[in-house]
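Accompanying notes for the structure given below.
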Amino acid sequence: MTYYSFNQYLKDTFGCKIYKTSINAGFTCPNRDGTLGTGGCIFCSAGGSGDFAENALLSVTEQIENGKKRVEQKIKSGKYIAYFQAFTNTYAPVDVLKEKFSEAITHPDIVGMSVATRPDCLPDQVIELLKNLNNTKPVFVELGLQTIHEESAEYIRRGYTLDVYDNALKKLKAAGINVVTHIILGLPGETKSDMLQSVDYVCKAGTNGIKLQLLHVLKGTDLAADYLQGKFETLSLEEYTEIIKACVAIIPKHVVIHRLTGDGAKKDLIAPLWSADKKKVLNRINKKLNEI
């Protein structure tokens, strides 16, 4: 079963191997600073899903240079995408965003920029800024939707309704910005059918790309407390690969699949422990996708 991978998309777009370098711009989140809540989404780590990003005390340029050093043995003269990953990366005054984003996008080794954020943190002036930056180099906006089901959204403390995502997607698309939607597979209480409905919905809504994330239970999260109390079970590797195969089957060929799984920091991982071996997981997924 074939699909349009992000690696292939990057090769088609830029003509060479591209690496992402993760940046922590020092932002917070309305789900943490008291605007919506203080605990964050129920699954979110202390690092705001930016556990592999650089130190926020460093400048954007310093973080990019550190990221380059991490992969210098794999890439000799390659290019990079600046990935603003930790917390909510449009949740700041526009002048602050402009300063940090401009520093990243004007770096000579950066060919594009990816901004992870929430759909409820995209006021018009921020979208206008992203539109202008997109005229310089390609900009991707990654929206953490996770699920279309309101009961699940309430459980994970997402803090906004589905129509907020719909509106943000329309505005970003109208501005000519490439949108990537995050979906978590394995949320407590969700069936395989529920997960497929979320994938199908965002594809039909017009997302340019999709990230399929395995639900991880990480130390220090409220999700971990529920898991340790036996309130839910995580997916097995076999269950996950079956769900991935079903997802790929319904994702249109023009929608770029940026990720087929995800890996939390091993030091914080509680479950599922099989997810710690990323190479094994990807091999099993590829084997499943190639089954007749």
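Naming works like this for the structure tokens: A, B, ... for the chains as they're shown, residue 1 at the start of each chain, ligands 1 onward in shown order.
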*asked:* Show me, as a PyMOL selection string, the residues that have an atom within 12 Å of Asn290 (chain A) when counting only C-alpha atoms, minus same-chain residues fewer than 5 positions from it.
replied: chain A and resi 1-3+241-242+245+248-249+283-285
*Enumerate the residues of region 139-198 of chain A with a DSSP assignment of alpha helix (DSSP H), computed from the backbone, and present them as an NGL selection string.*
:A and (150-155 or 162-174 or 192-198)
For the residues in that selection, give me N, CA and C atoms as a PDB file, in the first residue's frame.
```
ATOM      1  N   GLU A 150     -16.228  15.059  20.426  1.00  0.00           N
ATOM      2  CA  GLU A 150     -16.275  16.030  21.519  1.00  0.00           C
ATOM      3  C   GLU A 150     -16.091  15.383  22.895  1.00  0.00           C
ATOM      4  N   GLU A 151     -16.589  14.167  23.069  1.00  0.00           N
ATOM      5  CA  GLU A 151     -16.419  13.494  24.368  1.00  0.00           C
ATOM      6  C   GLU A 151     -14.937  13.255  24.649  1.00  0.00           C
ATOM      7  N   SER A 152     -14.209  12.819  23.628  1.00  0.00           N
ATOM      8  CA  SER A 152     -12.765  12.617  23.776  1.00  0.00           C
ATOM      9  C   SER A 152     -12.057  13.949  23.998  1.00  0.00           C
ATOM     10  N   ALA A 153     -12.488  14.973  23.258  1.00  0.00           N
ATOM     11  CA  ALA A 153     -11.873  16.292  23.384  1.00  0.00           C
ATOM     12  C   ALA A 153     -12.020  16.833  24.808  1.00  0.00           C
ATOM     13  N   GLU A 154     -13.176  16.605  25.399  1.00  0.00           N
ATOM     14  CA  GLU A 154     -13.395  17.044  26.781  1.00  0.00           C
ATOM     15  C   GLU A 154     -12.506  16.260  27.740  1.00  0.00           C
ATOM     16  N   TYR A 155     -12.374  14.962  27.501  1.00  0.00           N
ATOM     17  CA  TYR A 155     -11.553  14.123  28.378  1.00  0.00           C
ATOM     18  C   TYR A 155     -10.089  14.561  28.353  1.00  0.00           C
ATOM     19  N   LEU A 162     -14.830  21.584  17.713  1.00  0.00           N
ATOM     20  CA  LEU A 162     -14.421  21.228  16.363  1.00  0.00           C
ATOM     21  C   LEU A 162     -14.565  22.382  15.375  1.00  0.00           C
ATOM     22  N   ASP A 163     -15.570  23.211  15.567  1.00  0.00           N
ATOM     23  CA  ASP A 163     -15.763  24.324  14.644  1.00  0.00           C
ATOM     24  C   ASP A 163     -14.612  25.329  14.684  1.00  0.00           C
ATOM     25  N   VAL A 164     -13.897  25.387  15.800  1.00  0.00           N
ATOM     26  CA  VAL A 164     -12.727  26.263  15.895  1.00  0.00           C
ATOM     27  C   VAL A 164     -11.626  25.759  14.949  1.00  0.00           C
ATOM     28  N   TYR A 165     -11.442  24.457  14.924  1.00  0.00           N
ATOM     29  CA  TYR A 165     -10.493  23.858  13.969  1.00  0.00           C
ATOM     30  C   TYR A 165     -10.931  24.139  12.540  1.00  0.00           C
ATOM     31  N   ASP A 166     -12.203  23.926  12.256  1.00  0.00           N
ATOM     32  CA  ASP A 166     -12.719  24.146  10.903  1.00  0.00           C
ATOM     33  C   ASP A 166     -12.431  25.568  10.433  1.00  0.00           C
ATOM     34  N   ASN A 167     -12.680  26.531  11.303  1.00  0.00           N
ATOM     35  CA  ASN A 167     -12.482  27.941  10.963  1.00  0.00           C
ATOM     36  C   ASN A 167     -11.006  28.262  10.736  1.00  0.00           C
ATOM     37  N   ALA A 168     -10.140  27.728  11.614  1.00  0.00           N
ATOM     38  CA  ALA A 168      -8.702  27.975  11.475  1.00  0.00           C
ATOM     39  C   ALA A 168      -8.173  27.366  10.179  1.00  0.00           C
ATOM     40  N   LEU A 169      -8.626  26.170   9.862  1.00  0.00           N
ATOM     41  CA  LEU A 169      -8.192  25.504   8.636  1.00  0.00           C
ATOM     42  C   LEU A 169      -8.578  26.325   7.407  1.00  0.00           C
ATOM     43  N   LYS A 170      -9.804  26.812   7.379  1.00  0.00           N
ATOM     44  CA  LYS A 170     -10.268  27.614   6.246  1.00  0.00           C
ATOM     45  C   LYS A 170      -9.453  28.892   6.088  1.00  0.00           C
ATOM     46  N   LYS A 171      -9.174  29.561   7.186  1.00  0.00           N
ATOM     47  CA  LYS A 171      -8.421  30.817   7.128  1.00  0.00           C
ATOM     48  C   LYS A 171      -6.983  30.578   6.675  1.00  0.00           C
ATOM     49  N   LEU A 172      -6.373  29.536   7.182  1.00  0.00           N
ATOM     50  CA  LEU A 172      -4.994  29.225   6.798  1.00  0.00           C
ATOM     51  C   LEU A 172      -4.912  28.835   5.323  1.00  0.00           C
ATOM     52  N   LYS A 173      -5.869  28.046   4.884  1.00  0.00           N
ATOM     53  CA  LYS A 173      -5.888  27.636   3.475  1.00  0.00           C
ATOM     54  C   LYS A 173      -6.108  28.842   2.568  1.00  0.00           C
ATOM     55  N   ALA A 174      -6.984  29.744   2.992  1.00  0.00           N
ATOM     56  CA  ALA A 174      -7.248  30.950   2.208  1.00  0.00           C
ATOM     57  C   ALA A 174      -6.001  31.825   2.111  1.00  0.00           C
ATOM     58  N   LYS A 192     -11.793   1.829  16.821  1.00  0.00           N
ATOM     59  CA  LYS A 192     -11.105   1.966  15.539  1.00  0.00           C
ATOM     60  C   LYS A 192     -11.933   2.824  14.589  1.00  0.00           C
ATOM     61  N   SER A 193     -13.236   2.638  14.604  1.00  0.00           N
ATOM     62  CA  SER A 193     -14.134   3.419  13.764  1.00  0.00           C
ATOM     63  C   SER A 193     -14.068   4.902  14.114  1.00  0.00           C
ATOM     64  N   ASP A 194     -14.010   5.221  15.397  1.00  0.00           N
ATOM     65  CA  ASP A 194     -13.902   6.620  15.834  1.00  0.00           C
ATOM     66  C   ASP A 194     -12.635   7.263  15.275  1.00  0.00           C
ATOM     67  N   MET A 195     -11.533   6.522  15.357  1.00  0.00           N
ATOM     68  CA  MET A 195     -10.252   7.049  14.884  1.00  0.00           C
ATOM     69  C   MET A 195     -10.283   7.293  13.376  1.00  0.00           C
ATOM     70  N   LEU A 196     -10.861   6.351  12.647  1.00  0.00           N
ATOM     71  CA  LEU A 196     -10.955   6.492  11.194  1.00  0.00           C
ATOM     72  C   LEU A 196     -11.848   7.673  10.822  1.00  0.00           C
ATOM     73  N   GLN A 197     -12.878   7.918  11.615  1.00  0.00           N
ATOM     74  CA  GLN A 197     -13.749   9.072  11.363  1.00  0.00           C
ATOM     75  C   GLN A 197     -12.974  10.380  11.473  1.00  0.00           C
ATOM     76  N   SER A 198     -12.074  10.460  12.455  1.00  0.00           N
ATOM     77  CA  SER A 198     -11.263  11.673  12.615  1.00  0.00           C
ATOM     78  C   SER A 198     -10.348  11.873  11.415  1.00  0.00           C
TER      79      SER A 198
END
```
*Write down as a ChimeraX atom specification the residues of region 39-181 of chain A whose backbone DSSP state falls under strand (DSSP E).*
/A:79-84,110-117,139-146,178-181
Please report as CSV every residue of region 18-38 of chain A lying within 8 Å of region 74-91 of chain A, along with the nearest atom pair and their distance in Å (one decimal), using only C-alpha atoms.
```
residue,atom,partner,partner_atom,distance
A:Ile18,CA,A:Tyr80,CA,5.3
A:Tyr19,CA,A:Tyr80,CA,4.8
A:Lys20,CA,A:Ile81,CA,4.7
A:Thr21,CA,A:Ala82,CA,5.3
A:Ser22,CA,A:Tyr83,CA,4.7
A:Ile23,CA,A:Phe84,CA,4.8
A:Asn24,CA,A:Ala86,CA,5.3
A:Ala25,CA,A:Phe84,CA,6.9
A:Gly26,CA,A:Ala86,CA,7.8
A:Phe27,CA,A:Phe87,CA,6.3
A:Thr28,CA,A:Phe87,CA,5.6
A:Cys29,CA,A:Thr88,CA,5.2
A:Pro30,CA,A:Tyr91,CA,7.7
```
*Just the residues within 10 Å of Gln125 (chain A), please, counting only C-alpha atoms, with nothing from its chain fewer than 5 positions along; format it as a ChimeraX atom specification.*
/A:93-94,130-131
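With only C-alpha atoms as the atoms that count, the residue of A:Lys100, A:His258, A:His107, A:Lys17 with the shortest distance to Val179 (chain A) is A:His258.
Relative to CA of Gly220 (chain A), CA of Leu143 (chain A) is found at 23.8 Å.
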*asked:* Which residues are near region 276-278 of chain A? Cut-off 7 Å, only C-alpha atoms, ignore same chain within fewer than 3 positions. Put them as a ChimeraX atom specification.
replied: /A:263,266,273,281-282
